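Have a look at structure_17.pdb below; it lists PDB, C-alpha atoms.
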```
ATOM      1  CA  MET O   1     -58.168  58.190 -76.186
ATOM      2  CA  ILE O   2     -57.997  59.061 -72.449
ATOM      3  CA  LYS O   3     -57.383  62.724 -73.223
ATOM      4  CA  GLN O   4     -60.365  62.763 -75.564
ATOM      5  CA  LEU O   5     -62.614  61.212 -72.895
ATOM      6  CA  ASN O   6     -61.442  63.692 -70.271
ATOM      7  CA  LYS O   7     -62.091  66.567 -72.627
ATOM      8  CA  TYR O   8     -65.498  65.156 -73.534
ATOM      9  CA  GLN O   9     -66.708  65.009 -69.913
ATOM     10  CA  SER O  10     -65.941  68.728 -69.535
ATOM     11  CA  TYR O  11     -68.852  69.385 -71.925
ATOM     12  CA  PHE O  12     -71.455  68.277 -69.374
ATOM     13  CA  THR O  13     -69.777  68.513 -65.936
ATOM     14  CA  SER O  14     -68.141  71.019 -63.653
ATOM     15  CA  HIS O  15     -65.989  70.220 -60.643
ATOM     16  CA  ILE O  16     -65.476  71.812 -57.253
ATOM     17  CA  LEU O  17     -62.399  70.408 -55.543
ATOM     18  CA  LEU O  18     -62.438  70.194 -51.756
ATOM     19  CA  TYR O  19     -59.206  70.202 -49.799
ATOM     20  CA  HIS O  20     -58.728  70.416 -46.053
ATOM     21  CA  SER O  21     -55.206  70.311 -44.671
ATOM     22  CA  THR O  22     -52.146  70.271 -46.923
ATOM     23  CA  PHE O  23     -49.356  69.281 -44.538
ATOM     24  CA  SER O  24     -46.193  67.860 -46.053
ATOM     25  CA  ARG O  25     -45.917  65.996 -42.759
ATOM     26  CA  ILE O  26     -49.099  65.500 -40.737
ATOM     27  CA  PRO O  27     -48.801  66.355 -37.019
ATOM     28  CA  ALA O  28     -48.856  63.208 -34.874
ATOM     29  CA  ASP O  29     -51.984  64.368 -33.014
ATOM     30  CA  LEU O  30     -53.968  64.437 -36.285
ATOM     31  CA  LYS O  31     -52.660  61.435 -38.225
ATOM     32  CA  GLN O  32     -55.847  59.375 -37.994
ATOM     33  CA  SER O  33     -59.065  60.737 -39.539
ATOM     34  CA  LEU O  34     -57.541  63.882 -41.092
ATOM     35  CA  HIS O  35     -58.306  64.634 -44.758
ATOM     36  CA  ASN O  36     -54.829  65.653 -45.903
ATOM     37  CA  VAL O  37     -53.335  66.086 -49.369
ATOM     38  CA  THR O  38     -49.651  66.935 -49.559
ATOM     39  CA  PRO O  39     -48.621  70.021 -51.558
ATOM     40  CA  ASP O  40     -46.805  67.900 -54.141
ATOM     41  CA  VAL O  41     -49.881  65.761 -54.793
ATOM     42  CA  MET O  42     -52.142  68.811 -54.869
ATOM     43  CA  TYR O  43     -49.875  70.428 -57.448
ATOM     44  CA  GLU O  44     -50.125  67.379 -59.739
ATOM     45  CA  GLN O  45     -53.914  67.162 -59.324
ATOM     46  CA  ILE O  46     -54.544  70.800 -60.214
ATOM     47  CA  LYS O  47     -51.970  70.798 -62.996
ATOM     48  CA  TRP O  48     -53.746  67.788 -64.529
ATOM     49  CA  ILE O  49     -57.264  69.211 -64.246
ATOM     50  CA  LYS O  50     -56.176  72.527 -65.806
ATOM     51  CA  GLN O  51     -55.668  70.631 -69.070
ATOM     52  CA  TYR O  52     -59.410  70.024 -69.435
ATOM     53  CA  PHE O  53     -61.205  72.693 -67.399
ATOM     54  CA  ASP O  54     -61.218  76.439 -66.908
ATOM     55  CA  VAL O  55     -60.283  77.128 -63.252
ATOM     56  CA  VAL O  56     -62.498  79.903 -61.840
ATOM     57  CA  ASP O  57     -63.604  81.403 -58.513
ATOM     58  CA  VAL O  58     -66.232  79.284 -56.804
ATOM     59  CA  ASP O  59     -68.700  82.206 -56.992
ATOM     60  CA  ASP O  60     -68.547  81.964 -60.794
ATOM     61  CA  LEU O  61     -70.323  78.602 -60.558
ATOM     62  CA  PHE O  62     -73.395  80.030 -58.823
ATOM     63  CA  SER O  63     -75.362  81.704 -61.557
ATOM     64  CA  LYS O  64     -78.694  80.073 -62.387
ATOM     65  CA  ASN O  65     -78.507  81.433 -65.935
ATOM     66  CA  ASP O  66     -74.926  80.752 -67.012
ATOM     67  CA  ASP O  67     -73.627  77.434 -68.294
ATOM     68  CA  ILE O  68     -71.055  76.262 -65.746
ATOM     69  CA  THR O  69     -69.863  73.175 -67.614
ATOM     70  CA  GLY O  70     -66.160  72.939 -68.325
ATOM     71  CA  LYS O  71     -65.255  74.884 -65.167
ATOM     72  CA  VAL O  72     -63.475  73.963 -61.944
ATOM     73  CA  ALA O  73     -63.249  75.756 -58.603
ATOM     74  CA  ILE O  74     -60.738  75.010 -55.850
ATOM     75  CA  THR O  75     -61.789  75.244 -52.198
ATOM     76  CA  PHE O  76     -60.197  74.625 -48.811
ATOM     77  CA  ASP O  77     -62.276  74.025 -45.684
ATOM     78  CA  ASP O  78     -61.257  74.843 -42.087
ATOM     79  CA  ALA O  79     -58.307  77.141 -42.919
ATOM     80  CA  TYR O  80     -55.522  74.917 -41.649
ATOM     81  CA  GLN O  81     -52.206  76.690 -41.151
ATOM     82  CA  SER O  82     -50.701  74.441 -43.809
ATOM     83  CA  VAL O  83     -52.976  75.999 -46.431
ATOM     84  CA  PHE O  84     -51.296  79.362 -45.921
ATOM     85  CA  THR O  85     -47.744  78.038 -45.677
ATOM     86  CA  GLU O  86     -47.836  75.125 -48.129
ATOM     87  CA  ALA O  87     -50.909  75.315 -50.386
ATOM     88  CA  ILE O  88     -50.973  78.996 -51.369
ATOM     89  CA  PRO O  89     -47.469  78.732 -52.893
ATOM     90  CA  VAL O  90     -48.856  75.931 -55.100
ATOM     91  CA  ILE O  91     -51.853  78.090 -56.043
ATOM     92  CA  GLU O  92     -49.501  80.933 -56.949
ATOM     93  CA  SER O  93     -47.196  78.736 -58.988
ATOM     94  CA  LEU O  94     -50.120  77.403 -61.037
ATOM     95  CA  ARG O  95     -51.809  80.833 -61.231
ATOM     96  CA  VAL O  96     -55.277  79.551 -60.303
ATOM     97  CA  PRO O  97     -57.882  81.102 -57.972
ATOM     98  CA  CYS O  98     -59.088  79.423 -54.785
ATOM     99  CA  THR O  99     -61.419  80.042 -51.852
ATOM    100  CA  ILE O 100     -60.491  79.324 -48.236
ATOM    101  CA  TYR O 101     -63.403  78.687 -45.872
ATOM    102  CA  VAL O 102     -62.578  79.926 -42.386
ATOM    103  CA  ASN O 103     -63.894  78.940 -38.962
ATOM    104  CA  GLY O 104     -63.496  82.150 -36.988
ATOM    105  CA  ILE O 105     -63.119  80.440 -33.644
ATOM    106  CA  SER O 106     -59.556  79.430 -34.496
ATOM    107  CA  LEU O 107     -58.645  83.123 -34.802
ATOM    108  CA  SER O 108     -59.640  83.509 -31.145
ATOM    109  CA  GLY O 109     -56.986  80.942 -30.253
ATOM    110  CA  LYS O 110     -59.415  78.104 -29.562
ATOM    111  CA  PRO O 111     -58.647  74.830 -31.345
ATOM    112  CA  PHE O 112     -60.961  73.364 -33.956
ATOM    113  CA  TRP O 113     -63.144  70.899 -32.045
ATOM    114  CA  ARG O 114     -62.835  68.205 -34.706
ATOM    115  CA  ASP O 115     -59.056  68.331 -34.264
ATOM    116  CA  LEU O 116     -59.635  67.741 -30.561
ATOM    117  CA  ILE O 117     -61.635  64.643 -31.542
ATOM    118  CA  ARG O 118     -58.628  63.525 -33.597
ATOM    119  CA  PHE O 119     -56.335  64.280 -30.658
ATOM    120  CA  LEU O 120     -58.373  61.968 -28.419
ATOM    121  CA  ILE O 121     -58.324  59.224 -31.056
ATOM    122  CA  ASN O 122     -54.620  59.470 -31.841
ATOM    123  CA  ASN O 123     -53.668  59.560 -28.170
ATOM    124  CA  LYS O 124     -55.908  56.582 -27.254
ATOM    125  CA  MET O 125     -58.049  58.574 -24.822
ATOM    126  CA  ILE O 126     -61.477  57.561 -26.127
ATOM    127  CA  ASP O 127     -62.292  54.959 -23.473
ATOM    128  CA  ASP O 128     -61.385  57.381 -20.712
ATOM    129  CA  PHE O 129     -63.485  60.132 -22.311
ATOM    130  CA  LEU O 130     -66.483  57.775 -22.534
ATOM    131  CA  LYS O 131     -66.185  57.028 -18.822
ATOM    132  CA  PHE O 132     -65.803  60.724 -17.974
ATOM    133  CA  HIS O 133     -69.047  61.577 -19.803
ATOM    134  CA  SER O 134     -70.701  58.181 -19.479
ATOM    135  CA  ALA O 135     -74.308  59.383 -19.088
ATOM    136  CA  PHE O 136     -74.255  61.594 -22.193
ATOM    137  CA  CYS O 137     -72.362  59.092 -24.342
ATOM    138  CA  SER O 138     -74.642  56.241 -23.313
ATOM    139  CA  LYS O 139     -77.757  58.302 -24.023
ATOM    140  CA  ASN O 140     -76.480  59.206 -27.504
ATOM    141  CA  ASN O 141     -75.024  55.774 -28.293
ATOM    142  CA  ILE O 142     -71.474  57.106 -28.614
ATOM    143  CA  THR O 143     -69.011  54.240 -28.336
ATOM    144  CA  ALA O 144     -65.314  53.602 -28.862
ATOM    145  CA  THR O 145     -65.994  52.073 -32.284
ATOM    146  CA  ASN O 146     -68.249  54.823 -33.652
ATOM    147  CA  PHE O 147     -66.748  57.789 -31.801
ATOM    148  CA  TYR O 148     -65.560  59.871 -34.764
ATOM    149  CA  ARG O 149     -68.825  59.622 -36.698
ATOM    150  CA  ALA O 150     -71.224  59.610 -33.738
ATOM    151  CA  THR O 151     -69.866  62.878 -32.352
ATOM    152  CA  LYS O 152     -71.006  64.658 -35.502
ATOM    153  CA  LYS O 153     -74.521  63.217 -35.721
ATOM    154  CA  PRO O 154     -77.273  65.850 -36.137
ATOM    155  CA  SER O 155     -78.960  64.379 -33.066
ATOM    156  CA  VAL O 156     -75.943  65.300 -30.908
ATOM    157  CA  ASN O 157     -75.753  69.036 -30.203
ATOM    158  CA  SER O 158     -72.265  70.001 -31.425
ATOM    159  CA  MET O 159     -72.022  72.901 -28.993
ATOM    160  CA  VAL O 160     -72.590  70.568 -26.040
ATOM    161  CA  MET O 161     -70.176  67.994 -27.457
ATOM    162  CA  SER O 162     -67.447  70.593 -27.918
ATOM    163  CA  ASP O 163     -67.879  71.860 -24.346
ATOM    164  CA  MET O 164     -67.613  68.328 -22.994
ATOM    165  CA  ILE O 165     -64.356  67.747 -24.862
ATOM    166  CA  ASP O 166     -62.961  70.968 -23.386
ATOM    167  CA  ASP O 167     -64.021  69.887 -19.888
ATOM    168  CA  TYR O 168     -62.338  66.522 -20.298
ATOM    169  CA  LEU O 169     -59.059  67.964 -21.593
ATOM    170  CA  GLU O 170     -58.948  70.613 -18.896
ATOM    171  CA  SER O 171     -59.605  68.002 -16.207
ATOM    172  CA  ASN O 172     -56.539  66.178 -17.520
ATOM    173  CA  GLU O 173     -54.545  69.441 -17.526
ATOM    174  CA  ILE O 174     -54.027  69.306 -21.284
ATOM    175  CA  THR O 175     -53.363  72.800 -22.629
ATOM    176  CA  LEU O 176     -55.731  73.564 -25.453
ATOM    177  CA  ASP O 177     -53.439  76.241 -26.915
ATOM    178  CA  ASP O 178     -51.022  73.496 -27.920
ATOM    179  CA  LEU O 179     -53.704  71.829 -30.043
ATOM    180  CA  SER O 180     -54.329  74.640 -32.553
ATOM    181  CA  TYR O 181     -53.610  73.540 -36.112
ATOM    182  CA  CYS O 182     -55.929  75.922 -37.970
ATOM    183  CA  VAL O 183     -55.055  79.545 -38.637
ATOM    184  CA  THR O 184     -54.780  81.486 -35.363
ATOM    185  CA  ASP O 185     -53.501  84.867 -36.558
ATOM    186  CA  LYS O 186     -55.579  87.392 -38.511
ATOM    187  CA  ASN O 187     -52.370  88.551 -40.173
ATOM    188  CA  ALA O 188     -52.225  85.162 -41.908
ATOM    189  CA  ILE O 189     -55.495  85.988 -43.684
ATOM    190  CA  VAL O 190     -53.450  87.515 -46.450
ATOM    191  CA  LYS O 191     -54.599  89.675 -49.329
ATOM    192  CA  ASN O 192     -53.895  87.847 -52.542
ATOM    193  CA  SER O 193     -55.516  88.403 -55.918
ATOM    194  CA  LEU O 194     -55.899  84.634 -56.351
ATOM    195  CA  VAL O 195     -57.436  83.965 -52.936
ATOM    196  CA  SER O 196     -60.921  84.690 -51.624
ATOM    197  CA  TYR O 197     -62.333  83.785 -48.218
ATOM    198  CA  GLY O 198     -65.684  82.322 -47.254
ATOM    199  CA  ASN O 199     -67.934  81.504 -44.327
ATOM    200  CA  HIS O 200     -67.715  78.002 -42.833
ATOM    201  CA  THR O 201     -69.473  79.158 -39.626
ATOM    202  CA  TYR O 202     -67.704  80.374 -36.519
ATOM    203  CA  SER O 203     -67.283  77.011 -34.785
ATOM    204  CA  HIS O 204     -67.952  74.320 -37.446
ATOM    205  CA  TYR O 205     -70.848  72.792 -35.545
ATOM    206  CA  VAL O 206     -73.429  70.573 -37.226
ATOM    207  CA  LEU O 207     -75.984  73.263 -38.020
ATOM    208  CA  SER O 208     -78.974  70.919 -37.918
ATOM    209  CA  SER O 209     -78.034  70.029 -34.321
ATOM    210  CA  LEU O 210     -78.545  73.689 -33.292
ATOM    211  CA  ASN O 211     -81.646  75.805 -32.811
ATOM    212  CA  GLN O 212     -82.370  78.847 -34.987
ATOM    213  CA  ASP O 213     -80.690  81.406 -32.727
ATOM    214  CA  GLN O 214     -77.581  79.254 -32.403
ATOM    215  CA  GLN O 215     -77.386  78.756 -36.168
ATOM    216  CA  GLU O 216     -77.735  82.454 -36.878
ATOM    217  CA  ALA O 217     -75.051  83.307 -34.317
ATOM    218  CA  GLU O 218     -72.682  80.842 -36.012
ATOM    219  CA  ILE O 219     -73.282  82.375 -39.455
ATOM    220  CA  LYS O 220     -73.412  86.054 -38.504
ATOM    221  CA  ARG O 221     -70.485  86.003 -36.094
ATOM    222  CA  ASN O 222     -68.248  84.573 -38.790
ATOM    223  CA  ASP O 223     -69.605  87.038 -41.360
ATOM    224  CA  ASP O 224     -68.738  89.929 -39.074
ATOM    225  CA  LEU O 225     -65.257  88.587 -38.384
ATOM    226  CA  LEU O 226     -64.401  88.038 -42.048
ATOM    227  CA  SER O 227     -65.691  91.479 -43.014
ATOM    228  CA  GLN O 228     -63.084  92.980 -40.670
ATOM    229  CA  CYS O 229     -60.216  91.262 -42.476
ATOM    230  CA  ASP O 230     -60.325  93.499 -45.585
ATOM    231  CA  VAL O 231     -59.986  90.628 -48.063
ATOM    232  CA  LYS O 232     -61.945  89.366 -51.057
ATOM    233  CA  LEU O 233     -65.038  87.557 -49.749
ATOM    234  CA  SER O 234     -67.185  84.827 -51.285
ATOM    235  CA  LYS O 235     -70.975  84.911 -51.109
ATOM    236  CA  VAL O 236     -71.094  81.127 -51.318
ATOM    237  CA  PHE O 237     -71.484  79.371 -47.973
ATOM    238  CA  SER O 238     -69.675  76.152 -47.059
ATOM    239  CA  VAL O 239     -71.913  73.897 -44.935
ATOM    240  CA  PRO O 240     -69.873  72.254 -42.139
ATOM    241  CA  PHE O 241     -69.593  68.513 -42.859
ATOM    242  CA  GLY O 242     -71.557  69.120 -46.060
ATOM    243  CA  GLY O 243     -74.106  66.301 -45.960
ATOM    244  CA  ASP O 244     -77.808  66.614 -46.650
ATOM    245  CA  LYS O 245     -78.608  65.992 -42.963
ATOM    246  CA  ASP O 246     -76.081  68.553 -41.696
ATOM    247  CA  PHE O 247     -78.361  71.536 -42.370
ATOM    248  CA  ASN O 248     -82.114  72.131 -42.490
ATOM    249  CA  THR O 249     -84.723  74.571 -43.793
ATOM    250  CA  THR O 250     -83.767  77.010 -41.045
ATOM    251  CA  THR O 251     -80.238  77.076 -42.451
ATOM    252  CA  ILE O 252     -81.493  77.886 -45.959
ATOM    253  CA  GLU O 253     -83.699  80.684 -44.621
ATOM    254  CA  LEU O 254     -80.767  82.177 -42.714
ATOM    255  CA  LEU O 255     -78.508  82.038 -45.775
ATOM    256  CA  ALA O 256     -81.125  83.968 -47.744
ATOM    257  CA  LYS O 257     -81.475  86.464 -44.892
ATOM    258  CA  HIS O 258     -77.727  87.087 -44.900
ATOM    259  CA  ASN O 259     -77.583  87.501 -48.691
ATOM    260  CA  TYR O 260     -75.842  84.292 -49.704
ATOM    261  CA  LYS O 261     -76.393  83.187 -53.277
ATOM    262  CA  GLY O 262     -75.623  79.545 -52.679
ATOM    263  CA  PHE O 263     -74.053  76.843 -50.564
ATOM    264  CA  LEU O 264     -71.683  73.939 -51.013
ATOM    265  CA  TYR O 265     -72.356  70.305 -50.263
ATOM    266  CA  SER O 266     -69.442  67.931 -49.618
ATOM    267  CA  ARG O 267     -70.979  64.678 -50.843
ATOM    268  CA  ASN O 268     -68.206  63.689 -53.263
ATOM    269  CA  ILE O 269     -70.409  64.192 -56.320
ATOM    270  CA  LEU O 270     -69.783  65.912 -59.670
ATOM    271  CA  ASN O 271     -71.947  68.796 -60.862
ATOM    272  CA  ILE O 272     -73.732  67.445 -63.921
ATOM    273  CA  LYS O 273     -75.521  69.663 -66.393
ATOM    274  CA  GLY O 274     -79.259  69.813 -65.766
ATOM    275  CA  ARG O 275     -79.140  68.549 -62.191
ATOM    276  CA  ASP O 276     -79.041  71.866 -60.360
ATOM    277  CA  GLU O 277     -80.746  72.185 -56.969
ATOM    278  CA  THR O 278     -82.369  75.520 -56.153
ATOM    279  CA  TYR O 279     -84.306  76.696 -53.121
ATOM    280  CA  ARG O 280     -86.828  79.539 -53.177
ATOM    281  CA  VAL O 281     -86.910  81.623 -49.983
ATOM    282  CA  GLY O 282     -89.204  84.624 -50.302
ATOM    283  CA  GLY O 283     -87.782  86.599 -53.189
ATOM    284  CA  SER O 284     -84.397  84.886 -53.027
ATOM    285  CA  THR O 285     -83.038  81.880 -54.877
ATOM    286  CA  ILE O 286     -80.388  79.778 -53.153
ATOM    287  CA  ILE O 287     -78.360  77.461 -55.409
ATOM    288  CA  SER O 288     -76.430  74.431 -54.208
ATOM    289  CA  ARG O 289     -73.387  72.816 -55.782
ATOM    290  CA  GLU O 290     -71.505  69.593 -55.108
ATOM    291  CA  ARG O 291     -67.840  69.107 -54.140
ATOM    292  CA  TYR O 292     -65.549  66.143 -53.875
ATOM    293  CA  MET O 293     -62.308  65.415 -52.038
TER     294      MET O 293
END
```

Show the structure stored in the file as structure tokens.
Amino acid sequence: MIKQLNKYQSYFTSHILLYHSTFSRIPADLKQSLHNVTPDVMYEQIKWIKQYFDVVDVDDLFSKNDDITGKVAITFDDAYQSVFTEAIPVIESLRVPCTIYVNGISLSGKPFWRDLIRFLINNKMIDDFLKFHSAFCSKNNITATNFYRATKKPSVNSMVMSDMIDDYLESNEITLDDLSYCVTDKNAIVKNSLVSYGNHTYSHYVLSSLNQDQQEAEIKRNDDLLSQCDVKLSKVFSVPFGGDKDFNTTTIELLAKHNYKGFLYSRNILNIKGRDETYRVGGSTIISRERYM
């Protein structure tokens, strides 16, 4: 009965799986607030879903004319080092395609700013940080209890927030190089027939917190970096944080300008037949799809 129900729902849904890190053992600095699925669990999840769905590249789910029901795509955001060392072997063993969404800033050696947020939380440094930047945090209602969520509000410029975290860590003589958990070496961006790579912006800032020039720099800079890696590239954009308030009309216009055919939400929703969202920008059509963790 359960198998029949699972098969039945493939007739009117498609799925896009969203993974982040895939550490077998999560680093102590990241334990709280990290979206992690171990390789063993990931293997069982994908093995199970292969029974009922056709696993395809995420780009295959972005045609406005084709029926996408019965299909699944596998994506990874933020390009954690564990994806290359622990998840890709799982992908290879199951012979399924996937797309890894890269933040180019990590390839420059600078840590992912959301991991720095986790570092502050896991090392009980939040109260001290709030005192260090008391005026800004008070103005933006950032407190010890809402710190993780408040620091990614669209009303808080992510670029400013990231710079303030750097200032605080440097004032405490904490070496940022030691806090890099995402991919830091271009040589790790491996060619693999099962793996494609996509744009998750250069720095993973909340795009709606930035002005137009800042947004375009985030998109284009990462485009340029990925094009130098000589790997299979996706023309589907992964919106950082993935909520409906994390981007704006400027973002959609820029995606059309840079020839993207669609973008991914991360609202933990299935794609149900007949509920497609499309955006018309000039002569371009931008399609959105939903993902879930």

For this session: Kindly indicate which residue among O:Lys50, O:Asn157, O:Ile100, O:Pro240 lies nearest to Phe136 of chain O, using only C-alpha atoms for the distances.
Result: O:Asn157

Exercise. What gap, in Å, lies between atom CA of Asp246 of chain O and atom CA of Ser208 of chain O?
Worked result: 5.3 Å

For this session: Tell me, as an MDAnalysis selection string, which residues lie within 12 Å of Gln215 of chain O, counting all atoms listed in the file; anything in the same chain fewer than 2 positions away does not count.
Result: chainID O and resid 157:159 200:213 217:222 239:240 246:255

Exercise. Could you spell out the hits of the PyMOL selection byres ((chain O and resi 223-234) around 8) on the shown file, as a PyMOL selection string?
Worked result: chain O and resi 58-59+99+104+186+189-191+195-199+219-222+235-237

Problem set entry | Of the listed residues O:Tyr101, O:Tyr19, O:Phe129, O:Tyr80, that which approaches Phe263 of chain O most closely, counting only C-alpha atoms | O:Tyr101

For this session: Give me, please, the distance in Å between atom CA of His133 of chain O and atom CA of Tyr181 of chain O, quoted to one decimal.
Result: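 If I compute the distance from atom CA of His133 of chain O to atom CA of Tyr181 of chain O, I get 25.4 Å.
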
Problem set entry | Residue nearest Asp127 of chain O - candidates O:Trp48, O:Phe23, O:Tyr43, O:Tyr168, atoms counted: all atoms listed in the file |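 Checking each of O:Trp48, O:Phe23, O:Tyr43, O:Tyr168 against Asp127 of chain O, counting all atoms listed in the file, the winner is O:Tyr168.
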
Exercise. Atom CA of Asp78 of chain O to atom CA of Cys182 of chain O: how many Å, to one decimal?
Worked result: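 Going from atom CA of Asp78 of chain O over to atom CA of Cys182 of chain O covers 6.8 Å.
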
For this session: Run through the PyMOL selection byres ((chain O and resi 81) around 10) on the given coordinates and return the selected residues as an MDAnalysis selection string.
Result: chainID O and resid 21:23 78:80 82:87 180:185 188

Serialized segment 59-140 of chain O w/ C-alpha atoms as a CSV table (one decimal), in the first residue's frame:
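That gives us part32.csv:
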```csv
chain,number,residue,atom,x,y,z
O,59,ASP,CA,18.2,22.2,-15.3
O,60,ASP,CA,15.9,19.4,-16.7
O,61,LEU,CA,13.2,20.7,-14.4
O,62,PHE,CA,13.2,24.2,-15.9
O,63,SER,CA,11.3,23.9,-19.1
O,64,LYS,CA,7.9,25.6,-19.2
O,65,ASN,CA,6.7,23.2,-21.8
O,66,ASP,CA,7.8,19.8,-20.5
O,67,ASP,CA,6.0,17.8,-17.9
O,68,ILE,CA,8.4,17.6,-14.9
O,69,THR,CA,6.3,15.2,-12.7
O,70,GLY,CA,8.0,12.0,-11.6
O,71,LYS,CA,11.4,13.6,-11.6
O,72,VAL,CA,13.9,14.5,-8.8
O,73,ALA,CA,17.0,16.7,-8.8
O,74,ILE,CA,19.7,16.7,-6.1
O,75,THR,CA,21.3,20.0,-5.1
O,76,PHE,CA,23.9,21.1,-2.5
O,77,ASP,CA,24.2,24.7,-1.4
O,78,ASP,CA,27.4,26.4,-0.1
O,79,ALA,CA,29.9,23.9,-1.4
O,80,TYR,CA,31.1,22.6,1.9
O,81,GLN,CA,34.3,20.6,1.8
O,82,SER,CA,32.4,17.5,3.0
O,83,VAL,CA,30.4,17.5,-0.2
O,84,PHE,CA,33.5,16.8,-2.2
O,85,THR,CA,35.0,14.3,0.2
O,86,GLU,CA,31.9,12.6,1.5
O,87,ALA,CA,28.9,13.3,-0.6
O,88,ILE,CA,30.3,12.9,-4.2
O,89,PRO,CA,31.3,9.2,-3.4
O,90,VAL,CA,27.7,8.6,-2.5
O,91,ILE,CA,26.5,10.3,-5.7
O,92,GLU,CA,28.9,8.1,-7.7
O,93,SER,CA,27.9,4.9,-6.0
O,94,LEU,CA,24.2,5.6,-6.7
O,95,ARG,CA,25.0,6.9,-10.3
O,96,VAL,CA,22.8,9.9,-10.0
O,97,PRO,CA,23.5,13.5,-11.1
O,98,CYS,CA,23.7,16.5,-8.7
O,99,THR,CA,24.4,20.2,-8.8
O,100,ILE,CA,26.7,22.0,-6.3
O,101,TYR,CA,26.0,25.7,-5.7
O,102,VAL,CA,29.2,27.5,-5.0
O,103,ASN,CA,29.9,30.7,-3.1
O,104,GLY,CA,33.1,32.0,-4.8
O,105,ILE,CA,34.3,33.9,-1.8
O,106,SER,CA,35.4,30.6,-0.1
O,107,LEU,CA,37.8,30.0,-3.0
O,108,SER,CA,39.5,33.2,-2.1
O,109,GLY,CA,40.2,31.7,1.3
O,110,LYS,CA,37.7,33.8,3.2
O,111,PRO,CA,35.3,31.9,5.4
O,112,PHE,CA,31.5,31.7,4.7
O,113,TRP,CA,30.0,34.4,6.9
O,114,ARG,CA,27.2,32.2,8.1
O,115,ASP,CA,29.7,29.8,9.4
O,116,LEU,CA,31.3,32.7,11.3
O,117,ILE,CA,27.8,33.3,12.8
O,118,ARG,CA,27.8,29.7,13.9
O,119,PHE,CA,31.3,30.0,15.3
O,120,LEU,CA,30.1,32.9,17.5
O,121,ILE,CA,27.1,30.9,18.7
O,122,ASN,CA,29.0,27.7,19.4
O,123,ASN,CA,31.7,29.5,21.2
O,124,LYS,CA,29.3,31.6,23.3
O,125,MET,CA,30.6,34.9,22.0
O,126,ILE,CA,27.2,36.5,21.1
O,127,ASP,CA,26.9,38.7,24.2
O,128,ASP,CA,30.4,40.1,23.7
O,129,PHE,CA,29.7,40.7,20.0
O,130,LEU,CA,26.5,42.6,20.8
O,131,LYS,CA,28.4,44.9,23.2
O,132,PHE,CA,31.2,45.4,20.6
O,133,HIS,CA,28.6,46.5,18.0
O,134,SER,CA,26.0,47.8,20.4
O,135,ALA,CA,24.7,50.7,18.3
O,136,PHE,CA,24.1,48.7,15.1
O,137,CYS,CA,22.6,45.7,16.9
O,138,SER,CA,20.3,47.9,19.0
O,139,LYS,CA,19.2,49.8,15.9
O,140,ASN,CA,18.4,46.6,14.1
```
